[in-house]
Amino acid sequence: MDRQPISREGFDKLKEELRILEDVEMPECTANIADARAEGDLKENAEYHGQRERQGMIQAKINQLKSKLNSCYIVDKSTMPKGVVTYGSTVTVKDLKWDDEEKYEFVGPGDEDYDSEPMKILTTSPLAQALMSNKVGDKVTVETPRGTRELQITEIVD
């Protein structure tokens, strides 16, 4: 797997989420399992089984965050090349079929926000991958779940 760029803020956000899971939620869940186990027959103990399931989900999230953090490297956006689409760029594209414009900011894990304006999407997304290293005026073809899109870059804010 390729390493992904991430901002210091995004990295710190993921580290804090991991810390809370490991230092707060997992010990709390383990204590709840011990309490439920003390109640006796485990076969019909819904609290015990519910906490064991929760423990598995917390551990899966911990593993996911550790993997994400291990596959990232911290980047200072100010050091990125100017005038081309890179990590940290805010890009305006025109859909050549529908003649409408959309704006995206390309970010690393922990910084994505699909409800923001501009929409913050991961550099690993198909859209970001298609636009990377292109300049204003360039046309690109992007394969999306909704089909092929023809886009033209109208603005890049570094």
# chains A, B, ... in the order shown; residues from 1 in each chain; ligands from 1
$ residues_around --residues "stretch 105-122 of chain A" --least-positions-apart "3" --cutoff "6 Å" --atoms "only C-alpha atoms" --output "ChimeraX atom specification"
/A:5-6,10,14,87-90,125
$ write_last_selection --atoms "C-alpha atoms" --output "PDB file, in the first residue's frame"
ATOM      1  CA  PRO A   5       0.079  12.406   2.890  1.00  0.00           C
ATOM      2  CA  ILE A   6      -1.607  13.723   6.029  1.00  0.00           C
ATOM      3  CA  GLY A  10      -5.247  15.105  10.785  1.00  0.00           C
ATOM      4  CA  LEU A  14      -6.339  10.159  14.524  1.00  0.00           C
ATOM      5  CA  TYR A  87      -2.207  17.129  -1.685  1.00  0.00           C
ATOM      6  CA  GLY A  88      -3.766  20.183  -0.035  1.00  0.00           C
ATOM      7  CA  SER A  89      -4.976  21.786  -3.273  1.00  0.00           C
ATOM      8  CA  THR A  90      -8.467  23.181  -3.549  1.00  0.00           C
ATOM      9  CA  SER A 125     -10.096   8.708  -4.108  1.00  0.00           C
TER      10      SER A 125
END
$ residues_around --residues "A:Asn70" --least-positions-apart "6" --cutoff "10 Å" --atoms "only C-alpha atoms" --output "VMD selection string"
chain A and resid 3 to 4 64
$ residues_around --residues "A:Ile33" --least-positions-apart "3" --cutoff "10 Å" --atoms "only C-alpha atoms" --output "PDB file with N, CA and C atoms, in the first residue's frame"
ATOM      1  N   PRO A  27     -10.619  -0.279  28.232  1.00  0.00           N
ATOM      2  CA  PRO A  27     -10.640  -0.677  29.655  1.00  0.00           C
ATOM      3  C   PRO A  27     -12.057  -0.674  30.238  1.00  0.00           C
ATOM      4  N   GLU A  28     -12.873   0.291  29.830  1.00  0.00           N
ATOM      5  CA  GLU A  28     -14.263   0.351  30.298  1.00  0.00           C
ATOM      6  C   GLU A  28     -15.028  -0.889  29.837  1.00  0.00           C
ATOM      7  N   CYS A  29     -14.834  -1.272  28.593  1.00  0.00           N
ATOM      8  CA  CYS A  29     -15.508  -2.446  28.037  1.00  0.00           C
ATOM      9  C   CYS A  29     -15.035  -3.718  28.746  1.00  0.00           C
ATOM     10  N   THR A  30     -13.731  -3.816  28.998  1.00  0.00           N
ATOM     11  CA  THR A  30     -13.172  -4.985  29.691  1.00  0.00           C
ATOM     12  C   THR A  30     -13.766  -5.114  31.097  1.00  0.00           C
ATOM     13  N   ALA A  36     -20.254  -8.510  33.885  1.00  0.00           N
ATOM     14  CA  ALA A  36     -21.286  -9.385  33.310  1.00  0.00           C
ATOM     15  C   ALA A  36     -20.947 -10.858  33.555  1.00  0.00           C
ATOM     16  N   ARG A  37     -19.659 -11.192  33.475  1.00  0.00           N
ATOM     17  CA  ARG A  37     -19.220 -12.573  33.701  1.00  0.00           C
ATOM     18  C   ARG A  37     -19.517 -12.991  35.141  1.00  0.00           C
ATOM     19  N   ALA A  38     -19.418 -12.067  36.066  1.00  0.00           N
ATOM     20  CA  ALA A  38     -19.653 -12.353  37.489  1.00  0.00           C
ATOM     21  C   ALA A  38     -21.117 -12.666  37.776  1.00  0.00           C
ATOM     22  N   GLU A  47     -25.910  -9.156  28.375  1.00  0.00           N
ATOM     23  CA  GLU A  47     -24.952  -8.081  28.675  1.00  0.00           C
ATOM     24  C   GLU A  47     -23.530  -8.529  28.352  1.00  0.00           C
ATOM     25  N   TYR A  48     -23.194  -9.745  28.747  1.00  0.00           N
ATOM     26  CA  TYR A  48     -21.860 -10.291  28.476  1.00  0.00           C
ATOM     27  C   TYR A  48     -21.606 -10.366  26.975  1.00  0.00           C
ATOM     28  N   HIS A  49     -22.550 -10.935  26.235  1.00  0.00           N
ATOM     29  CA  HIS A  49     -22.371 -11.101  24.792  1.00  0.00           C
ATOM     30  C   HIS A  49     -22.333  -9.744  24.078  1.00  0.00           C
ATOM     31  N   GLY A  50     -23.142  -8.801  24.550  1.00  0.00           N
ATOM     32  CA  GLY A  50     -23.139  -7.460  23.965  1.00  0.00           C
ATOM     33  C   GLY A  50     -21.804  -6.756  24.174  1.00  0.00           C
ATOM     34  N   GLN A  51     -21.239  -6.902  25.364  1.00  0.00           N
ATOM     35  CA  GLN A  51     -19.953  -6.263  25.660  1.00  0.00           C
ATOM     36  C   GLN A  51     -18.809  -6.938  24.899  1.00  0.00           C
ATOM     37  N   ARG A  52     -18.898  -8.248  24.731  1.00  0.00           N
ATOM     38  CA  ARG A  52     -17.863  -8.952  23.940  1.00  0.00           C
ATOM     39  C   ARG A  52     -17.897  -8.480  22.489  1.00  0.00           C
ATOM     40  N   ARG A  54     -18.996  -5.537  21.493  1.00  0.00           N
ATOM     41  CA  ARG A  54     -18.482  -4.158  21.522  1.00  0.00           C
ATOM     42  C   ARG A  54     -16.952  -4.174  21.602  1.00  0.00           C
ATOM     43  N   GLN A  55     -16.400  -5.072  22.393  1.00  0.00           N
ATOM     44  CA  GLN A  55     -14.953  -5.176  22.523  1.00  0.00           C
ATOM     45  C   GLN A  55     -14.311  -5.502  21.166  1.00  0.00           C
TER      46      GLN A  55
END
$ select_by_dssp --residues "stretch 10-133 of chain A" --states "helix (DSSP H, G or I)" --output "ChimeraX atom specification"
/A:10-37,46-70,77-79,126-131
$ closest_atom_pairs --of "stretch 47-103 of chain A" --to "stretch 132-143 of chain A" --cutoff "12 Å" --atoms "only C-alpha atoms" --output "tab-separated table"
residue	atom	partner	partner_atom	distance
A:Met80	CA	A:Ser133	CA	11.1
A:Pro81	CA	A:Ser133	CA	9.3
A:Lys82	CA	A:Lys135	CA	9.6
A:Gly83	CA	A:Lys135	CA	6.3
A:Val84	CA	A:Lys135	CA	4.8
A:Val85	CA	A:Met132	CA	4.9
A:Thr86	CA	A:Met132	CA	5.6
A:Tyr87	CA	A:Met132	CA	8.1
A:Gly88	CA	A:Met132	CA	10.8
A:Ser89	CA	A:Met132	CA	9.4
A:Thr90	CA	A:Met132	CA	11.4
A:Val91	CA	A:Val136	CA	9.0
A:Thr92	CA	A:Val136	CA	9.1
A:Val93	CA	A:Val136	CA	9.1
A:Lys94	CA	A:Lys139	CA	9.3
A:Asp95	CA	A:Lys139	CA	9.8
A:Leu96	CA	A:Lys139	CA	9.0
A:Lys97	CA	A:Thr141	CA	11.5
$ write_last_selection --atoms "C-alpha atoms" --output "compact mmCIF listing (two decimals), in the first residue's frame"
# COMPACT_ATOMS: atom_id res chain seq x y z
CA MET A 80 3.84 21.35 -2.12
CA PRO A 81 4.36 22.43 -5.76
CA LYS A 82 2.28 25.40 -6.92
CA GLY A 83 0.05 25.52 -10.00
CA VAL A 84 -0.63 21.79 -10.15
CA VAL A 85 -3.12 19.61 -8.31
CA THR A 86 -1.43 18.07 -5.26
CA TYR A 87 -2.21 17.13 -1.68
CA GLY A 88 -3.77 20.18 -0.04
CA SER A 89 -4.98 21.79 -3.27
CA THR A 90 -8.47 23.18 -3.55
CA VAL A 91 -9.61 22.47 -7.09
CA THR A 92 -12.58 23.74 -9.05
CA VAL A 93 -13.63 21.49 -11.91
CA LYS A 94 -16.27 21.88 -14.58
CA ASP A 95 -18.28 18.83 -15.57
CA LEU A 96 -18.19 19.01 -19.37
CA LYS A 97 -21.40 16.98 -19.78
$ atom_distance --atom1 "atom CA of A:Asn45" --atom2 "atom CA of A:Asn32"
12.4 Å
$ atom_distance --atom1 "atom CA of A:Asp99" --atom2 "atom CA of A:Thr148"
14.8 Å
$ select_by_dssp --residues "chain A" --states "strand (DSSP E)" --output "PyMOL selection string"
chain A and resi 4-6+72-74+90-95+100-107+119-122+139-144+147-157
$ write_last_selection --atoms "N, CA and C atoms" --output "CSV table (one decimal), in the first residue's frame"
chain,number,residue,atom,x,y,z
A,4,GLN,N,0.3,7.6,2.3
A,4,GLN,CA,-0.6,8.8,2.0
A,4,GLN,C,-0.1,10.0,2.8
A,5,PRO,N,-0.2,11.2,2.2
A,5,PRO,CA,0.1,12.4,2.9
A,5,PRO,C,-1.0,12.7,3.9
A,6,ILE,N,-0.6,13.3,5.0
A,6,ILE,CA,-1.6,13.7,6.0
A,6,ILE,C,-1.1,15.0,6.7
A,72,CYS,N,0.8,6.6,6.7
A,72,CYS,CA,0.8,8.1,6.4
A,72,CYS,C,2.1,8.7,6.7
A,73,TYR,N,2.3,9.8,6.1
A,73,TYR,CA,3.5,10.7,6.4
A,73,TYR,C,3.0,12.1,6.4
A,74,ILE,N,3.5,12.9,7.4
A,74,ILE,CA,3.0,14.2,7.6
A,74,ILE,C,3.6,15.2,6.6
A,90,THR,N,-7.0,23.0,-3.4
A,90,THR,CA,-8.5,23.2,-3.5
A,90,THR,C,-8.7,23.4,-5.0
A,91,VAL,N,-9.5,22.5,-5.6
A,91,VAL,CA,-9.6,22.5,-7.1
A,91,VAL,C,-11.1,22.7,-7.5
A,92,THR,N,-11.3,23.6,-8.5
A,92,THR,CA,-12.6,23.7,-9.0
A,92,THR,C,-12.6,23.1,-10.4
A,93,VAL,N,-13.5,22.2,-10.6
A,93,VAL,CA,-13.6,21.5,-11.9
A,93,VAL,C,-15.0,21.7,-12.5
A,94,LYS,N,-15.0,21.7,-13.8
A,94,LYS,CA,-16.3,21.9,-14.6
A,94,LYS,C,-16.6,20.5,-15.2
A,95,ASP,N,-17.8,20.1,-15.0
A,95,ASP,CA,-18.3,18.8,-15.6
A,95,ASP,C,-18.7,19.2,-17.0
A,100,ASP,N,-21.7,22.1,-15.0
A,100,ASP,CA,-21.7,22.7,-13.7
A,100,ASP,C,-20.3,22.5,-13.1
A,101,GLU,N,-20.1,23.3,-12.0
A,101,GLU,CA,-18.8,23.3,-11.4
A,101,GLU,C,-18.9,22.8,-10.0
A,102,GLU,N,-17.8,22.1,-9.6
A,102,GLU,CA,-17.7,21.5,-8.2
A,102,GLU,C,-16.4,21.9,-7.7
A,103,LYS,N,-16.3,22.0,-6.4
A,103,LYS,CA,-15.0,22.4,-5.7
A,103,LYS,C,-14.6,21.3,-4.7
A,104,TYR,N,-13.4,20.9,-4.8
A,104,TYR,CA,-12.9,19.9,-3.8
A,104,TYR,C,-11.5,20.3,-3.2
A,105,GLU,N,-11.3,19.9,-2.0
A,105,GLU,CA,-10.0,20.0,-1.4
A,105,GLU,C,-9.5,18.6,-1.2
A,106,PHE,N,-8.2,18.4,-1.6
A,106,PHE,CA,-7.7,17.0,-1.5
A,106,PHE,C,-6.9,16.9,-0.2
A,107,VAL,N,-7.3,16.0,0.7
A,107,VAL,CA,-6.7,15.9,2.0
A,107,VAL,C,-6.3,14.4,2.3
A,119,MET,N,-15.9,20.3,-0.5
A,119,MET,CA,-15.9,19.0,0.0
A,119,MET,C,-14.4,18.5,0.1
A,120,LYS,N,-14.0,18.0,1.3
A,120,LYS,CA,-12.7,17.6,1.6
A,120,LYS,C,-12.6,16.1,1.3
A,121,ILE,N,-11.9,15.7,0.2
A,121,ILE,CA,-11.9,14.2,-0.1
A,121,ILE,C,-10.5,13.7,-0.1
A,122,LEU,N,-10.4,12.4,0.1
A,122,LEU,CA,-9.0,11.8,0.3
A,122,LEU,C,-8.3,11.8,-1.0
A,139,LYS,N,-8.0,18.7,-19.1
A,139,LYS,CA,-9.2,17.9,-19.1
A,139,LYS,C,-8.9,16.4,-18.7
A,140,VAL,N,-9.7,15.9,-17.8
A,140,VAL,CA,-9.4,14.5,-17.3
A,140,VAL,C,-10.7,13.7,-17.4
A,141,THR,N,-10.5,12.4,-17.5
A,141,THR,CA,-11.6,11.4,-17.5
A,141,THR,C,-11.5,10.7,-16.2
A,142,VAL,N,-12.7,10.6,-15.5
A,142,VAL,CA,-12.7,9.9,-14.2
A,142,VAL,C,-13.8,8.9,-14.2
A,143,GLU,N,-13.4,7.7,-13.8
A,143,GLU,CA,-14.3,6.6,-13.6
A,143,GLU,C,-14.9,6.7,-12.2
A,144,THR,N,-16.2,6.8,-12.1
A,144,THR,CA,-16.9,6.9,-10.8
A,144,THR,C,-17.9,5.8,-10.7
A,147,GLY,N,-20.6,6.3,-13.2
A,147,GLY,CA,-20.2,6.3,-14.6
A,147,GLY,C,-19.0,7.2,-14.9
A,148,THR,N,-18.6,7.3,-16.2
A,148,THR,CA,-17.4,8.1,-16.6
A,148,THR,C,-17.8,9.6,-16.6
A,149,ARG,N,-16.9,10.4,-16.1
A,149,ARG,CA,-17.1,11.8,-16.1
A,149,ARG,C,-16.0,12.5,-16.8
A,150,GLU,N,-16.3,13.5,-17.6
A,150,GLU,CA,-15.3,14.3,-18.2
A,150,GLU,C,-15.2,15.7,-17.5
A,151,LEU,N,-14.1,16.0,-16.9
A,151,LEU,CA,-13.9,17.2,-16.1
A,151,LEU,C,-12.8,18.1,-16.7
A,152,GLN,N,-12.9,19.4,-16.5
A,152,GLN,CA,-11.9,20.3,-16.9
A,152,GLN,C,-11.6,21.1,-15.6
A,153,ILE,N,-10.3,21.3,-15.3
A,153,ILE,CA,-9.8,22.1,-14.2
A,153,ILE,C,-9.9,23.5,-14.5
A,154,THR,N,-10.7,24.3,-13.7
A,154,THR,CA,-10.9,25.7,-14.0
A,154,THR,C,-10.1,26.6,-13.0
A,155,GLU,N,-9.8,26.0,-11.8
A,155,GLU,CA,-9.1,26.8,-10.8
A,155,GLU,C,-8.3,25.9,-9.8
A,156,ILE,N,-7.1,26.3,-9.4
A,156,ILE,CA,-6.4,25.5,-8.4
A,156,ILE,C,-5.9,26.6,-7.4
A,157,VAL,N,-6.3,26.4,-6.1
A,157,VAL,CA,-5.8,27.2,-5.0
A,157,VAL,C,-4.9,26.4,-4.2
$ closest_residue --among "A:Asp23, A:Asp12, A:Asp2, A:Glu44" --to "A:Ser71" --atoms "only C-alpha atoms"
A:Asp2
$ closest_residue --among "A:Asp76, A:Asp35, A:Glu22, A:Asp41" --to "A:Ile58" --atoms "only C-alpha atoms"
A:Glu22
$ residues_around --residues "A:Leu18" --least-positions-apart "3" --cutoff "9 Å" --atoms "only C-alpha atoms" --output "ChimeraX atom specification"
/A:13-15,21-23,61-62,65-66
